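A.B. asks: Would you mind keeping the following structure in view while I ask a few things?
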Amino acid sequence: MGTLQRLSEIWVALRGVTRSGSLGPQAPRRLGAAVDWTRRAQLVTHDGGISKGYSLLRGHWASSYPETTGYTIPTLLRAADSQQDPVLREMALSLAEYLLGCMTMDGGAAHWASPNSSPVVFDTGQVMFGWLSAFDASTDDRYLRAAVRAGDWLVSVQDDSGMWAEHQHLGVAKVIDTRVAWALLELSCRTGRGPYRRAAVRNLEWALGHQDADGWFRQCAFAPGQDPFTHTIAYTAEGLLECGCLLEEVRYLVAARLTADALPMRQCRDGRLVSTYGPRW
């Protein structure tokens, strides 16, 4: 069971508060269980980060994973506000502190925290979300400075086309980096610096060029010739959605909705979606 699944459960529960102003009857229990699992996933690592997940097959926890630790922080801070839980807030800030120690020599973030690790574009963007939300919650300039350093690195290694060709997981450029563009836009909002915004827009335009008319994305998989996972498709649409809101750019919102509208038509009767979708869904 992975961190991503638990984060999605927290997000759904908190979404209930955002939309209706109150939690549904089952949401408090589910939110509490998801938060408790996340607490345990931090405790078992002994280094301050959150485990990548627990293997039911092997019966053990994985090491801390900077990427998911990064985007856990804003989720936990929202949960802390929802539950009025200062302990949860302190947990979120301790995760941001852990990530400061994970920064690579370049200013980015890698898959695993190691002095010799090479930074990865997507992971760096997700860690930036953690630092930015920690800065918002604490006004501690160290978190903003870390995010700026990461943003500077991302701008410096971006291809002229708008994609990030280098520093990619498995060496493959992917449209999921719309979530990196989103992180850069958030950084631009806090610093007023134009290069972050321009880099984000370049990537969004590149990603739009890889969306088919039915909402499916090319270059969305981890390897050439593979069908993209449902979660990478959702990552891409989410990045377009959030960037569209920040930029007030209708084209990005329309692109995100195109994908979102396609998925319910593929939903199974029991509510699930399959794990991958090929061209033409």
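In the structure tokens, chains take letters A, B, ... by order of appearance, with residues numbered from 1 within each chain and ligands from 1 in the order shown.
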Each residue of region 90-201 of chain A with at least one atom at most 12 Å from region 212-233 of chain A should appear once, together with its nearest atom pair and the corresponding distance in Å (one decimal); atoms considered: only C-alpha atoms; ordering: chain, then increasing residue number; output as CSV.
C.D. replies:
```
residue,atom,partner,partner_atom,distance
A:Phe122,CA,A:Thr232,CA,11.5
A:Met163,CA,A:Gln219,CA,10.7
A:Ala165,CA,A:Gln219,CA,11.7
A:Gln168,CA,A:Phe222,CA,9.6
A:His169,CA,A:Phe222,CA,7.6
A:Leu170,CA,A:Phe222,CA,6.9
A:Gly171,CA,A:Ala223,CA,8.5
A:Val172,CA,A:Ala223,CA,6.5
A:Ala173,CA,A:Gln219,CA,7.1
A:Lys174,CA,A:Gln219,CA,5.2
A:Val175,CA,A:Cys220,CA,5.4
A:Ile176,CA,A:Thr232,CA,6.1
A:Asp177,CA,A:Cys220,CA,9.4
A:Thr178,CA,A:Thr232,CA,10.5
A:Arg179,CA,A:Thr232,CA,10.3
```
A.B. asks: Among the residues of region 13-178 of chain A, find those DSSP assigns to alpha helix (DSSP H) from the backbone and print them as number ranges by chain.
C.D. replies: A: 13-20, 27-43, 66-83, 86-100, 121-138, 141-157, 178
A.B. asks: Just list as a list in words whatever in region 48-210 of chain A DSSP marks as strand (DSSP E or B).
C.D. replies: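 Of region 48-210 of chain A, only Ser51, Gly53, Tyr54, Ser55, His60, Trp61 and Ser64 of chain A fall in strand (DSSP E or B).
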A.B. asks: Okay, now the selection with N, CA and C atoms, as a PDB file, in the first residue's frame?
C.D. replies:
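Saved result, result16.pdb, follows:
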```pdb
ATOM      1  N   SER A  51       8.059   7.036   4.275  1.00  0.00           N
ATOM      2  CA  SER A  51       8.349   5.845   3.471  1.00  0.00           C
ATOM      3  C   SER A  51       7.628   5.902   2.132  1.00  0.00           C
ATOM      4  N   GLY A  53       6.348   3.430   0.799  1.00  0.00           N
ATOM      5  CA  GLY A  53       5.169   2.577   0.948  1.00  0.00           C
ATOM      6  C   GLY A  53       5.514   1.284   1.652  1.00  0.00           C
ATOM      7  N   TYR A  54       4.484   0.514   1.921  1.00  0.00           N
ATOM      8  CA  TYR A  54       4.643  -0.771   2.595  1.00  0.00           C
ATOM      9  C   TYR A  54       4.362  -1.894   1.601  1.00  0.00           C
ATOM     10  N   SER A  55       5.250  -2.868   1.543  1.00  0.00           N
ATOM     11  CA  SER A  55       5.087  -3.995   0.630  1.00  0.00           C
ATOM     12  C   SER A  55       4.362  -5.138   1.331  1.00  0.00           C
ATOM     13  N   HIS A  60       7.610  -5.403   4.428  1.00  0.00           N
ATOM     14  CA  HIS A  60       8.462  -4.376   5.031  1.00  0.00           C
ATOM     15  C   HIS A  60       8.198  -3.016   4.391  1.00  0.00           C
ATOM     16  N   TRP A  61       8.663  -1.967   5.101  1.00  0.00           N
ATOM     17  CA  TRP A  61       8.523  -0.601   4.631  1.00  0.00           C
ATOM     18  C   TRP A  61       9.708  -0.224   3.753  1.00  0.00           C
ATOM     19  N   SER A  64      12.611   6.270   2.943  1.00  0.00           N
ATOM     20  CA  SER A  64      11.965   7.565   2.735  1.00  0.00           C
ATOM     21  C   SER A  64      12.075   7.975   1.270  1.00  0.00           C
TER      22      SER A  64
END
```
A.B. asks: Just the residues within 9 Å of Ala237 (chain A), please, counting only C-alpha atoms, with nothing from its chain fewer than 3 positions along; format it as a tab-separated table (two decimals) with C-alpha atoms, in the first residue's frame.
C.D. replies:
```tsv
chain	number	residue	atom	x	y	z
A	176	ILE	CA	3.61	14.72	-16.21
A	178	THR	CA	2.98	19.89	-15.95
A	179	ARG	CA	3.08	19.35	-12.18
A	232	THR	CA	0.38	9.75	-14.83
A	233	ILE	CA	-2.55	10.79	-17.01
A	234	ALA	CA	-4.17	12.35	-13.93
A	240	LEU	CA	-2.86	21.78	-16.57
A	241	LEU	CA	-5.87	22.45	-14.35
A	242	GLU	CA	-3.94	24.13	-11.54
A	252	TYR	CA	-5.26	24.75	-20.11
A	253	LEU	CA	-8.56	24.37	-18.26
A	255	ALA	CA	-7.40	20.51	-21.88
A	256	ALA	CA	-7.71	19.29	-18.30
A	257	ARG	CA	-11.46	18.93	-18.61
A	258	LEU	CA	-11.09	17.02	-21.87
A	259	THR	CA	-9.16	14.34	-20.01
A	260	ALA	CA	-11.45	14.43	-16.97
```
A.B. asks: Counting only C-alpha atoms, what is within 12 Å of Asp141 (chain A), bar same-chain residues fewer than 5 positions away, as a short mmCIF file (atom, residue, chain, number, x, y, z; two decimals) with C-alpha atoms, in the first residue's frame?
C.D. replies:
```cif
data_model
loop_
_atom_site.label_atom_id
_atom_site.label_comp_id
_atom_site.auth_asym_id
_atom_site.auth_seq_id
_atom_site.Cartn_x
_atom_site.Cartn_y
_atom_site.Cartn_z
CA TRP A 131 8.91 23.83 0.83
CA LEU A 132 6.48 26.45 -0.47
CA SER A 133 3.63 25.28 1.74
CA ALA A 134 6.01 25.09 4.73
CA PHE A 135 7.10 28.67 4.02
CA ASP A 136 3.47 29.78 3.85
CA ALA A 146 15.42 26.15 -0.99
CA ALA A 147 12.49 26.40 -3.40
CA VAL A 148 14.19 29.27 -5.25
CA ARG A 190 5.63 34.13 -4.14
CA THR A 191 8.74 35.75 -5.62
#
```
